[in-house]
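Coordinates from protein_27.cif are shown below (mmCIF, C-alpha atoms and all ligand atoms).
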data_upload
loop_
_atom_site.label_atom_id
_atom_site.label_comp_id
_atom_site.auth_asym_id
_atom_site.auth_seq_id
_atom_site.Cartn_x
_atom_site.Cartn_y
_atom_site.Cartn_z
CA MET G 884 -31.53 -242.75 143.31
CA THR G 885 -34.80 -242.24 145.17
CA ASN G 886 -34.27 -243.10 148.82
CA SER G 887 -37.72 -242.59 150.24
CA ALA G 888 -41.21 -243.53 149.15
CA ASP G 889 -42.24 -239.95 148.38
CA GLY G 890 -39.23 -239.18 146.18
CA LEU G 891 -37.46 -236.99 148.71
CA LEU G 892 -33.74 -236.84 147.93
CA PRO G 893 -30.72 -235.36 149.68
CA PHE G 894 -29.55 -231.92 148.61
CA PHE G 895 -26.32 -233.22 147.07
CA ALA G 896 -24.62 -229.81 147.21
CA MET G 897 -24.89 -230.08 151.00
CA ASP G 898 -23.39 -233.59 150.89
CA ILE G 899 -20.47 -232.27 148.83
CA LEU G 900 -20.17 -229.36 151.28
CA LYS G 901 -19.98 -231.83 154.17
CA ARG G 902 -17.21 -233.79 152.41
CA ALA G 903 -15.35 -230.56 151.49
CA LYS G 904 -15.49 -229.39 155.11
CA SER G 905 -14.27 -232.76 156.33
CA LEU G 906 -11.28 -232.59 153.93
CA GLU G 907 -10.60 -229.05 155.16
CA GLY G 908 -10.73 -230.45 158.70
CA GLN G 909 -7.93 -232.82 157.69
CA GLY G 910 -5.84 -229.81 156.67
CA ARG G 911 -6.47 -229.80 152.89
CA GLY G 912 -7.11 -226.54 151.04
CA ILE G 913 -10.32 -226.90 149.02
CA CYS G 914 -11.57 -224.52 146.30
CA ARG G 915 -15.20 -224.17 147.32
CA LEU G 916 -17.37 -223.73 144.25
CA GLU G 917 -20.18 -226.04 145.35
CA VAL G 918 -22.53 -223.89 147.38
CA GLY G 919 -24.22 -220.76 146.09
CA GLU G 920 -23.32 -218.27 148.73
CA PRO G 921 -21.40 -215.01 148.66
CA GLY G 922 -17.98 -215.08 150.28
CA ALA G 923 -18.37 -211.51 151.61
CA PRO G 924 -20.06 -210.50 154.88
CA PRO G 925 -23.05 -208.12 154.90
CA ALA G 926 -22.39 -204.40 154.46
CA PRO G 927 -20.50 -202.76 157.39
CA ARG G 928 -23.49 -200.55 158.30
CA VAL G 929 -25.62 -203.68 158.67
CA LEU G 930 -23.18 -205.05 161.23
CA GLU G 931 -23.07 -201.70 163.06
CA ALA G 932 -26.87 -201.60 163.31
CA VAL G 933 -26.95 -205.13 164.69
CA ALA G 934 -24.23 -204.36 167.25
CA GLN G 935 -26.28 -201.38 168.40
CA ALA G 936 -29.50 -203.37 168.65
CA LEU G 937 -27.95 -206.40 170.36
CA PRO G 938 -28.21 -205.21 174.00
CA GLU G 939 -31.95 -204.52 173.56
CA PRO G 940 -34.44 -207.31 174.25
CA GLN G 941 -35.05 -209.15 170.98
CA GLY G 942 -38.66 -210.22 171.29
CA TYR G 943 -40.97 -211.46 168.57
CA THR G 944 -42.03 -208.90 166.01
CA ASN G 945 -45.54 -208.93 164.66
CA ALA G 946 -46.06 -211.89 162.35
CA LYS G 947 -45.69 -209.99 159.10
CA GLY G 948 -42.52 -208.32 160.33
CA LEU G 949 -41.22 -204.93 161.44
CA ASP G 950 -43.08 -201.96 159.95
CA SER G 951 -39.74 -200.32 159.16
CA LEU G 952 -38.60 -203.33 157.11
CA ARG G 953 -41.87 -203.61 155.21
CA ARG G 954 -41.91 -199.86 154.50
CA GLY G 955 -38.30 -200.17 153.30
CA LEU G 956 -39.31 -203.00 151.00
CA ALA G 957 -42.20 -200.97 149.57
CA CYS G 958 -39.67 -198.21 148.88
CA HIS G 959 -37.38 -200.78 147.22
CA TYR G 960 -40.19 -201.75 144.81
CA GLU G 961 -40.85 -198.10 144.05
CA GLN G 962 -37.17 -197.38 143.33
CA GLN G 963 -36.09 -200.56 141.56
CA TYR G 964 -39.24 -201.50 139.64
CA ALA G 965 -41.43 -198.37 139.73
CA VAL G 966 -44.31 -200.28 141.32
CA ALA G 967 -46.31 -199.13 144.34
CA ILE G 968 -46.75 -201.92 146.88
CA ASP G 969 -48.79 -201.65 150.08
CA PRO G 970 -46.45 -202.68 152.97
CA ASP G 971 -49.43 -204.60 154.40
CA LEU G 972 -49.07 -207.09 151.53
CA ILE G 973 -45.49 -207.91 152.57
CA VAL G 974 -44.44 -210.67 154.99
CA ALA G 975 -40.88 -210.97 156.31
CA THR G 976 -39.85 -214.65 156.24
CA MET G 977 -37.00 -216.88 157.39
CA GLY G 978 -35.32 -216.73 154.00
CA SER G 979 -37.08 -217.62 150.81
CA SER G 980 -37.06 -221.24 152.00
CA ALA G 981 -39.75 -220.42 154.58
CA GLY G 982 -41.44 -218.35 151.88
CA PHE G 983 -41.98 -221.50 149.82
CA ILE G 984 -43.70 -223.25 152.74
CA LEU G 985 -45.97 -220.27 153.35
CA ALA G 986 -46.69 -219.82 149.64
CA PHE G 987 -47.65 -223.45 149.04
CA HIS G 988 -49.88 -223.72 152.11
CA THR G 989 -51.40 -220.32 151.45
CA ALA G 990 -52.30 -220.93 147.82
CA PHE G 991 -52.93 -224.69 147.68
CA ARG G 992 -54.27 -227.61 149.67
CA PRO G 993 -51.99 -230.65 150.19
CA GLY G 994 -52.10 -232.89 147.13
CA ALA G 995 -52.17 -229.99 144.70
CA ARG G 996 -49.69 -230.26 141.85
CA ILE G 997 -47.03 -227.58 141.52
CA ALA G 998 -44.81 -227.25 138.46
CA VAL G 999 -41.12 -226.34 138.39
CA THR G 1000 -38.50 -226.30 135.67
CA ARG G 1001 -36.01 -229.12 135.24
CA PRO G 1002 -33.16 -228.39 135.87
CA GLY G 1003 -34.11 -226.27 138.86
CA TYR G 1004 -33.27 -225.52 142.47
CA PRO G 1005 -33.37 -228.95 144.20
CA ALA G 1006 -35.24 -227.77 147.28
CA TYR G 1007 -38.23 -226.96 145.06
CA VAL G 1008 -38.93 -230.62 144.30
CA ASN G 1009 -37.97 -231.80 147.77
CA THR G 1010 -40.07 -229.16 149.55
CA ILE G 1011 -43.09 -229.75 147.33
CA LEU G 1012 -42.93 -233.53 147.84
CA GLY G 1013 -41.95 -233.33 151.51
CA LEU G 1014 -44.97 -231.13 152.29
CA GLY G 1015 -47.40 -233.51 150.61
CA PHE G 1016 -47.88 -231.71 147.32
CA ARG G 1017 -47.32 -233.25 143.91
CA ILE G 1018 -44.78 -232.23 141.34
CA ALA G 1019 -44.81 -231.52 137.61
CA GLU G 1020 -41.44 -230.96 135.97
CA ILE G 1021 -41.16 -228.86 132.83
CA PRO G 1022 -37.90 -229.61 131.02
CA VAL G 1023 -35.94 -226.62 129.78
CA GLY G 1024 -32.84 -227.08 127.65
CA ALA G 1025 -29.57 -225.56 126.57
CA ALA G 1026 -31.00 -225.17 123.04
CA ASN G 1027 -33.26 -222.36 124.35
CA ASP G 1028 -30.57 -221.08 126.75
CA TRP G 1029 -32.41 -222.85 129.59
CA ARG G 1030 -35.29 -220.33 129.41
CA LEU G 1031 -38.89 -221.31 130.10
CA THR G 1032 -41.60 -220.27 127.63
CA GLY G 1033 -45.38 -219.96 127.79
CA ALA G 1034 -45.63 -222.66 125.09
CA GLN G 1035 -43.67 -225.11 127.28
CA ILE G 1036 -45.96 -224.37 130.23
CA ALA G 1037 -49.08 -224.89 128.11
CA ALA G 1038 -47.74 -228.15 126.64
CA ALA G 1039 -46.85 -229.52 130.11
CA HIS G 1040 -50.25 -228.45 131.48
CA ALA G 1041 -52.07 -230.14 128.61
CA LYS G 1042 -50.27 -233.41 129.45
CA GLN G 1043 -50.77 -233.18 133.20
CA PRO G 1044 -52.60 -230.19 134.70
CA PHE G 1045 -51.07 -228.36 137.67
CA GLU G 1046 -52.35 -225.64 139.97
CA GLY G 1047 -49.18 -223.70 140.58
CA LEU G 1048 -45.90 -222.81 138.90
CA LEU G 1049 -42.81 -221.92 140.92
CA PHE G 1050 -40.27 -220.22 138.71
CA ALA G 1051 -37.01 -218.32 139.24
CA SER G 1052 -35.38 -215.77 136.95
CA PRO G 1053 -32.39 -215.57 137.16
CA ALA G 1054 -32.46 -219.30 137.81
CA ASN G 1055 -30.41 -221.77 139.76
CA PRO G 1056 -28.43 -223.74 138.46
CA THR G 1057 -28.33 -222.27 134.94
CA GLY G 1058 -28.39 -218.54 135.68
CA ALA G 1059 -30.98 -218.23 132.89
CA ALA G 1060 -33.02 -215.04 133.01
CA VAL G 1061 -36.11 -214.11 131.01
CA ASP G 1062 -36.68 -210.57 129.75
CA ARG G 1063 -39.87 -208.55 130.20
CA GLU G 1064 -41.57 -209.97 127.13
CA GLN G 1065 -40.67 -213.55 128.03
CA LEU G 1066 -41.87 -213.10 131.63
CA ALA G 1067 -45.09 -211.51 130.34
CA ASP G 1068 -45.63 -214.62 128.18
CA ILE G 1069 -45.17 -216.87 131.25
CA VAL G 1070 -47.48 -214.74 133.42
CA ALA G 1071 -50.18 -214.54 130.72
CA THR G 1072 -50.02 -218.30 130.09
CA CYS G 1073 -50.45 -219.01 133.81
CA ALA G 1074 -53.41 -216.60 133.97
CA ARG G 1075 -55.04 -218.25 130.95
CA LEU G 1076 -54.62 -221.74 132.46
CA GLY G 1077 -55.74 -220.70 135.96
CA VAL G 1078 -52.28 -221.54 137.35
CA THR G 1079 -51.06 -219.60 140.41
CA PHE G 1080 -47.68 -218.08 139.57
CA ILE G 1081 -45.03 -218.04 142.29
CA SER G 1082 -42.05 -215.92 141.29
CA ASP G 1083 -38.80 -216.69 143.13
CA GLU G 1084 -36.87 -213.44 142.67
CA ILE G 1085 -33.98 -214.31 144.99
CA TYR G 1086 -31.34 -213.62 142.32
CA HIS G 1087 -32.74 -210.24 141.37
CA GLY G 1088 -30.02 -207.63 141.20
CA LEU G 1089 -27.52 -210.28 140.09
CA ASP G 1090 -28.20 -209.84 136.40
CA TYR G 1091 -25.47 -209.26 133.81
CA ARG G 1092 -27.48 -208.64 130.64
CA GLY G 1093 -30.30 -206.31 131.70
CA PRO G 1094 -32.27 -205.35 134.80
CA SER G 1095 -34.32 -208.07 136.48
CA VAL G 1096 -38.05 -207.77 135.83
CA SER G 1097 -40.38 -208.48 138.76
CA ALA G 1098 -43.64 -210.31 138.17
CA LEU G 1099 -45.16 -207.44 140.19
CA GLU G 1100 -44.56 -205.19 137.18
CA LEU G 1101 -46.92 -207.40 135.20
CA THR G 1102 -49.53 -208.73 137.60
CA ARG G 1103 -50.86 -208.44 141.16
CA ASP G 1104 -52.06 -212.05 141.18
CA ALA G 1105 -48.62 -213.62 141.59
CA ILE G 1106 -46.91 -214.57 144.85
CA ILE G 1107 -43.45 -213.01 145.00
CA ILE G 1108 -40.69 -214.61 147.05
CA ASN G 1109 -37.37 -212.93 147.66
CA SER G 1110 -34.48 -213.02 150.08
CA PHE G 1111 -31.57 -211.12 151.52
CA SER G 1112 -29.36 -214.21 151.17
CA LYS G 1113 -27.71 -213.62 147.80
CA TYR G 1114 -27.62 -210.00 146.61
CA TYR G 1115 -27.20 -208.71 150.19
CA CYS G 1116 -24.74 -211.44 151.29
CA MET G 1117 -26.87 -212.64 154.21
CA THR G 1118 -27.37 -216.39 153.71
CA GLY G 1119 -27.01 -217.39 157.36
CA TRP G 1120 -29.17 -214.56 158.64
CA ARG G 1121 -32.23 -216.43 157.37
CA ILE G 1122 -34.21 -213.46 156.26
CA GLY G 1123 -36.34 -212.93 153.18
CA TRP G 1124 -39.78 -211.67 152.24
CA MET G 1125 -42.93 -212.31 150.26
CA VAL G 1126 -45.42 -210.06 148.52
CA LEU G 1127 -48.89 -211.57 148.34
CA PRO G 1128 -52.07 -210.81 146.44
CA GLU G 1129 -54.77 -209.14 148.57
CA ASP G 1130 -56.95 -212.25 148.71
CA LEU G 1131 -54.09 -214.39 150.11
CA ILE G 1132 -52.32 -212.08 152.56
CA ARG G 1133 -54.48 -212.88 155.60
CA ARG G 1134 -54.04 -216.64 155.18
CA ALA G 1135 -50.26 -216.19 154.80
CA GLU G 1136 -50.21 -214.08 157.96
CA ILE G 1137 -52.15 -216.72 159.91
CA LEU G 1138 -49.81 -219.47 158.71
CA GLN G 1139 -46.79 -217.35 159.64
CA GLN G 1140 -48.25 -216.72 163.14
CA ASN G 1141 -48.62 -220.44 163.68
CA LEU G 1142 -45.65 -221.94 161.84
CA PHE G 1143 -42.89 -219.42 162.59
CA ILE G 1144 -44.43 -216.65 164.79
CA SER G 1145 -42.15 -214.11 163.12
CA ALA G 1146 -38.86 -213.89 161.22
CA PRO G 1147 -35.75 -213.43 163.44
CA THR G 1148 -35.86 -209.92 164.90
CA LEU G 1149 -32.15 -209.09 164.65
CA SER G 1150 -32.13 -210.24 161.05
CA GLN G 1151 -35.11 -208.00 160.29
CA ILE G 1152 -33.18 -205.06 161.75
CA ALA G 1153 -30.15 -206.03 159.67
CA ALA G 1154 -32.26 -206.40 156.53
CA THR G 1155 -33.85 -202.97 156.96
CA VAL G 1156 -30.37 -201.43 156.85
CA ALA G 1157 -29.12 -203.72 154.06
CA LEU G 1158 -31.81 -202.37 151.73
CA ARG G 1159 -30.12 -198.97 151.88
CA GLU G 1160 -26.65 -200.42 151.20
CA ARG G 1161 -26.96 -201.10 147.51
CA ASP G 1162 -23.56 -199.63 146.69
CA TYR G 1163 -21.97 -202.36 148.77
CA ALA G 1164 -24.12 -205.03 147.08
CA GLU G 1165 -23.25 -203.64 143.65
CA ALA G 1166 -19.52 -203.86 144.49
CA GLN G 1167 -20.00 -207.57 145.26
CA LYS G 1168 -21.89 -208.00 142.01
CA ALA G 1169 -19.03 -206.39 140.07
CA ALA G 1170 -16.69 -209.04 141.49
CA TYR G 1171 -19.10 -211.84 140.46
CA ALA G 1172 -19.28 -210.31 136.99
CA ARG G 1173 -15.49 -210.57 136.66
CA ASN G 1174 -15.52 -214.14 137.98
CA ARG G 1175 -18.30 -215.04 135.55
CA VAL G 1176 -16.13 -214.22 132.55
CA LEU G 1177 -12.99 -215.73 134.03
CA LEU G 1178 -14.68 -219.01 134.97
CA GLY G 1179 -16.64 -219.21 131.70
CA GLN G 1180 -13.50 -218.79 129.58
CA GLY G 1181 -11.53 -221.18 131.75
CA LEU G 1182 -14.18 -223.91 131.65
CA ARG G 1183 -14.53 -223.66 127.87
CA GLU G 1184 -10.74 -223.91 127.46
CA LEU G 1185 -10.73 -227.04 129.62
CA GLY G 1186 -13.37 -228.68 127.42
CA PHE G 1187 -16.52 -228.15 129.45
CA ASP G 1188 -19.64 -227.46 127.38
CA LEU G 1189 -20.77 -223.92 128.22
CA PRO G 1190 -22.02 -222.10 125.12
CA HIS G 1191 -22.23 -218.73 126.88
CA ASP G 1192 -21.83 -217.20 130.31
CA SER G 1193 -24.93 -217.16 132.50
CA ASP G 1194 -27.47 -214.31 132.30
CA GLY G 1195 -27.55 -213.87 136.06
CA ALA G 1196 -27.07 -215.34 139.57
CA PHE G 1197 -23.54 -216.68 140.13
CA TYR G 1198 -23.51 -220.09 138.53
CA ALA G 1199 -22.06 -221.83 135.51
CA TYR G 1200 -23.98 -224.98 134.55
CA ALA G 1201 -21.43 -226.76 132.41
CA GLY G 1202 -21.70 -229.92 130.34
CA ILE G 1203 -19.19 -232.65 131.27
CA GLY G 1204 -19.90 -234.96 128.31
CA LYS G 1205 -16.23 -234.94 127.31
CA PHE G 1206 -15.13 -236.29 130.69
CA SER G 1207 -17.86 -238.37 132.29
CA ASN G 1208 -21.47 -239.53 132.21
CA ASP G 1209 -21.74 -239.69 136.00
CA ALA G 1210 -21.81 -236.21 137.52
CA MET G 1211 -21.72 -237.38 141.16
CA ASP G 1212 -18.69 -239.58 140.54
CA PHE G 1213 -17.01 -236.76 138.60
CA CYS G 1214 -17.58 -234.30 141.46
CA LEU G 1215 -16.45 -236.68 144.20
CA THR G 1216 -13.30 -237.65 142.26
CA MET G 1217 -12.51 -234.01 141.45
CA LEU G 1218 -12.98 -233.10 145.12
CA ASP G 1219 -10.76 -235.90 146.39
CA ARG G 1220 -8.01 -235.65 143.76
CA ALA G 1221 -7.96 -231.95 142.86
CA GLY G 1222 -9.53 -230.35 145.94
CA VAL G 1223 -12.18 -228.57 143.84
CA ALA G 1224 -15.75 -228.77 145.13
CA ALA G 1225 -18.60 -228.42 142.62
CA THR G 1226 -22.18 -229.70 142.58
CA PRO G 1227 -23.34 -232.59 140.37
CA GLY G 1228 -26.13 -231.81 137.92
CA VAL G 1229 -28.24 -234.64 139.39
CA ASP G 1230 -29.00 -232.26 142.23
CA PHE G 1231 -30.95 -230.08 139.82
CA ASP G 1232 -32.15 -232.58 137.28
CA ARG G 1233 -32.86 -236.17 138.25
CA THR G 1234 -33.30 -237.14 134.59
CA ASP G 1235 -30.51 -235.50 132.59
CA GLY G 1236 -28.33 -234.05 135.33
CA ASN G 1237 -25.57 -236.64 134.99
CA GLY G 1238 -24.24 -234.67 132.06
CA TYR G 1239 -23.70 -231.45 134.03
CA VAL G 1240 -21.86 -229.86 136.92
CA ARG G 1241 -22.69 -226.55 138.58
CA PHE G 1242 -19.91 -224.20 139.59
CA SER G 1243 -20.62 -221.21 141.82
CA TYR G 1244 -18.50 -218.14 141.15
CA ALA G 1245 -19.68 -216.23 144.23
CA GLY G 1246 -16.30 -216.62 145.94
CA THR G 1247 -13.09 -214.72 145.35
CA GLN G 1248 -11.28 -214.35 142.02
CA ARG G 1249 -8.32 -216.17 143.55
CA THR G 1250 -10.54 -219.19 144.32
CA VAL G 1251 -11.79 -219.29 140.73
CA GLU G 1252 -8.24 -219.00 139.34
CA GLU G 1253 -6.91 -221.68 141.66
CA ALA G 1254 -9.85 -224.00 140.87
CA LEU G 1255 -9.22 -223.66 137.12
CA GLU G 1256 -5.53 -224.41 137.60
CA ARG G 1257 -6.27 -227.48 139.71
CA MET G 1258 -8.92 -228.72 137.27
CA ARG G 1259 -6.43 -228.41 134.42
CA GLY G 1260 -4.04 -230.73 136.25
CA PHE G 1261 -6.88 -233.09 137.20
CA LEU G 1262 -8.27 -233.35 133.66
CA GLU G 1263 -4.83 -233.62 132.04
CA ALA G 1264 -4.12 -236.55 134.35
CA GLY G 1265 -7.23 -238.24 132.97
CA GLY G 1266 -9.82 -237.02 135.52
C1 LIG G 1301 -33.45 -220.36 143.46
C2 LIG G 1301 -33.27 -220.36 144.93
N1 LIG G 1301 -34.32 -220.09 145.73
C3 LIG G 1301 -34.20 -220.11 147.06
C4 LIG G 1301 -33.00 -220.40 147.70
C5 LIG G 1301 -32.95 -220.44 149.21
O1 LIG G 1301 -32.55 -219.24 149.73
P1 LIG G 1301 -32.78 -218.69 151.20
O2 LIG G 1301 -31.43 -218.59 151.80
O3 LIG G 1301 -33.41 -217.36 151.00
O4 LIG G 1301 -33.69 -219.61 151.93
C6 LIG G 1301 -31.88 -220.67 146.92
C7 LIG G 1301 -30.59 -220.98 147.56
O5 LIG G 1301 -29.62 -221.35 146.95
C8 LIG G 1301 -32.02 -220.65 145.50
O6 LIG G 1301 -31.00 -220.92 144.70
#

Translate the structure described by the file into structure tokens.
Amino acid sequence: MTNSADGLLPFFAMDILKRAKSLEGQGRGICRLEVGEPGAPPAPRVLEAVAQALPEPQGYTNAKGLDSLRRGLACHYEQQYAVAIDPDLIVATMGSSAGFILAFHTAFRPGARIAVTRPGYPAYVNTILGLGFRIAEIPVGAANDWRLTGAQIAAAHAKQPFEGLLFASPANPTGAAVDREQLADIVATCARLGVTFISDEIYHGLDYRGPSVSALELTRDAIIINSFSKYYCMTGWRIGWMVLPEDLIRRAEILQQNLFISAPTLSQIAATVALRERDYAEAQKAAYARNRVLLGQGLRELGFDLPHDSDGAFYAYAGIGKFSNDAMDFCLTMLDRAGVAATPGVDFDRTDGNGYVRFSYAGTQRTVEEALERMRGFLEAGG
């Protein structure tokens, strides 16, 4: 499956997206459950603020970002997590994707080994390898509800030491979320092993069992990465942020100056307003929560293996053992025959992913209902 010497692979969800769009171009209606992005636009006030700012010159901002955005983010940490953060420790980034690049080059030198969970967000492995770092994969399984533990980190580190751990809770593709005690175990294990902890908190806010816990509530040594893409419905605006420890902030700022100059100005303006529009974001979340139950029940009825609905994010990572042992083939056939787009598990897990498919329930209820109906016909006809 590897198609380059360094192990870099395509992001299969994007390949499925390309095929789905091409079928749509031919006039077919496709239920789009393959890509993890909200169907709704940003909050109306965000759009108004951007319309107002548009005629002004949109120059670079300072490298770390607009003061108003970083003050707003400090306020967000105060209100949501009861932690006081100095706005000077915050950097506005081009989505969390740029945050990963800054985090890796800030904390490590090329060649350093960085650990991630398997399954996990595919860009983690591809970005780490593509930038000249090395990877360590820590397998997590359905038996422990896909949650990572300190013991698993320690066992993996004993086998093959690593300098960093990049971890998301809630996670993609499983939606698994750790609670305060479990996150404290992960943070303490990293501290004991001298491993730099990078906490990808992009799905914070999209939690269905209890409030998301930020690593900032437990330590000031972690690098926090977050984004406006998911909770605030702003994927294409390419805007996110990082919070860095004091000893790393200057290096992150210098890298940002040189690699990106600054995050997009209009998007920073939009993000500053989005932070105050939580009611809108919560209304979107309520719709995902309904879809989560609907999709979970539907998939179980169809014979997918999904012991319980996800803790957070907007994904169902469902076992397809009853239907296929080739997730890519299953997804391509389902897309062509039934017009339902989903992402093969091999995107997230190069070892065991053939047994799984990820469905995103970030779209409308109608899309989820229609997809379930179509899948019923597809599976009854033999897949
Ligand atoms: C866990 C995780 N981190 C980061 C990203 C990238 O997000 P952004 O749009 O902020 O670059 C995604 C996107 O799906 C994701 O699932």

task = Set the cut-off to 10 Å, count only C-alpha atoms and all ligand atoms, and list whatever residues fall near ligand LIG 1301 (chain G) as a ChimeraX atom specification.
result = /G:896,918-920,976-983,1003-1007,1049-1056,1058,1082-1086,1108-1113,1116-1124,1196-1198

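Between Pro1227 in chain G and the residues G:Glu961, G:Asp1028, G:Asp1212, G:Asp1192, the shortest atom-to-atom distance, using all atoms listed in the file, involves G:Asp1212.
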
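The residue that comes closest to Ala1225 in chain G, out of G:Leu1099, G:Arg1241, G:Gly955, G:Phe1213 and on the basis of all atoms listed in the file, is G:Arg1241.
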
ask   = Between G:Tyr1244, G:Tyr1200, G:Trp1029, G:Tyr1114, which is the closest to Arg1161 in chain G once you count only C-alpha atoms?
value = G:Tyr1114

9 Å contact set for Gln941 in chain G, all atoms listed in the file, chain neighbours under 5 positions out, as a tab-separated table (two decimals) with C-alpha atoms, in the frame of the given file:
chain	number	residue	atom	x	y	z
G	936	ALA	CA	-29.50	-203.37	168.65
G	1147	PRO	CA	-35.75	-213.43	163.44
G	1148	THR	CA	-35.86	-209.92	164.90
G	1149	LEU	CA	-32.15	-209.09	164.65

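Minimum distance to Ile973 in chain G across G:Glu1136, G:Asp1235, G:Glu1020, G:Glu1165 (counting only C-alpha atoms) occurs at G:Glu1136.
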
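Every protein or nucleic acid residue with an atom no more than 12 Å from Gln1035 in chain G, counting only C-alpha atoms and leaving out same-chain residues fewer than 2 positions away, appears here: Ala998, Val999, Thr1000, Arg1001, Glu1020, Ile1021, Pro1022, Val1023, Gly1024, Asn1027, Trp1029, Arg1030, Leu1031, Thr1032, Gly1033, Ala1037, Ala1038, Ala1039, His1040, Ala1041, Lys1042, Gln1065, Asp1068, Ile1069, Thr1072 and Cys1073 of chain G.
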
request  = Tell me which protein, DNA and RNA residues are within 9 Å of Phe1016 in chain G, counting all atoms listed in the file, leaving out same-chain ones fewer than 2 positions away, and put them as a VMD selection string.
outcome  = chain G and resid 987 991 to 997 1010 to 1014 1018

inquiry  = Residues within 12 Å of Glu1253 in chain G, please, as JSON, numbers by chain. Count all atoms listed in the file; anything in the same chain fewer than 5 positions from it doesn't count.
reply    = {"G": [912, 913, 914, 915, 916, 1177, 1178, 1181, 1221, 1222, 1223, 1224, 1246, 1247, 1248, 1258, 1259, 1260]}

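With distances restricted to only C-alpha atoms, G:Ile1152 is the closest residue to Glu931 in chain G from G:Ile1152, G:Leu1048, G:Ile1144, G:Ala1201.
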
query = Nearest to Val1251 in chain G among G:Val1176, G:Val974, G:Ala1210, G:Leu1127, with distances taken over only C-alpha atoms: which residue is it?
reply = G:Val1176
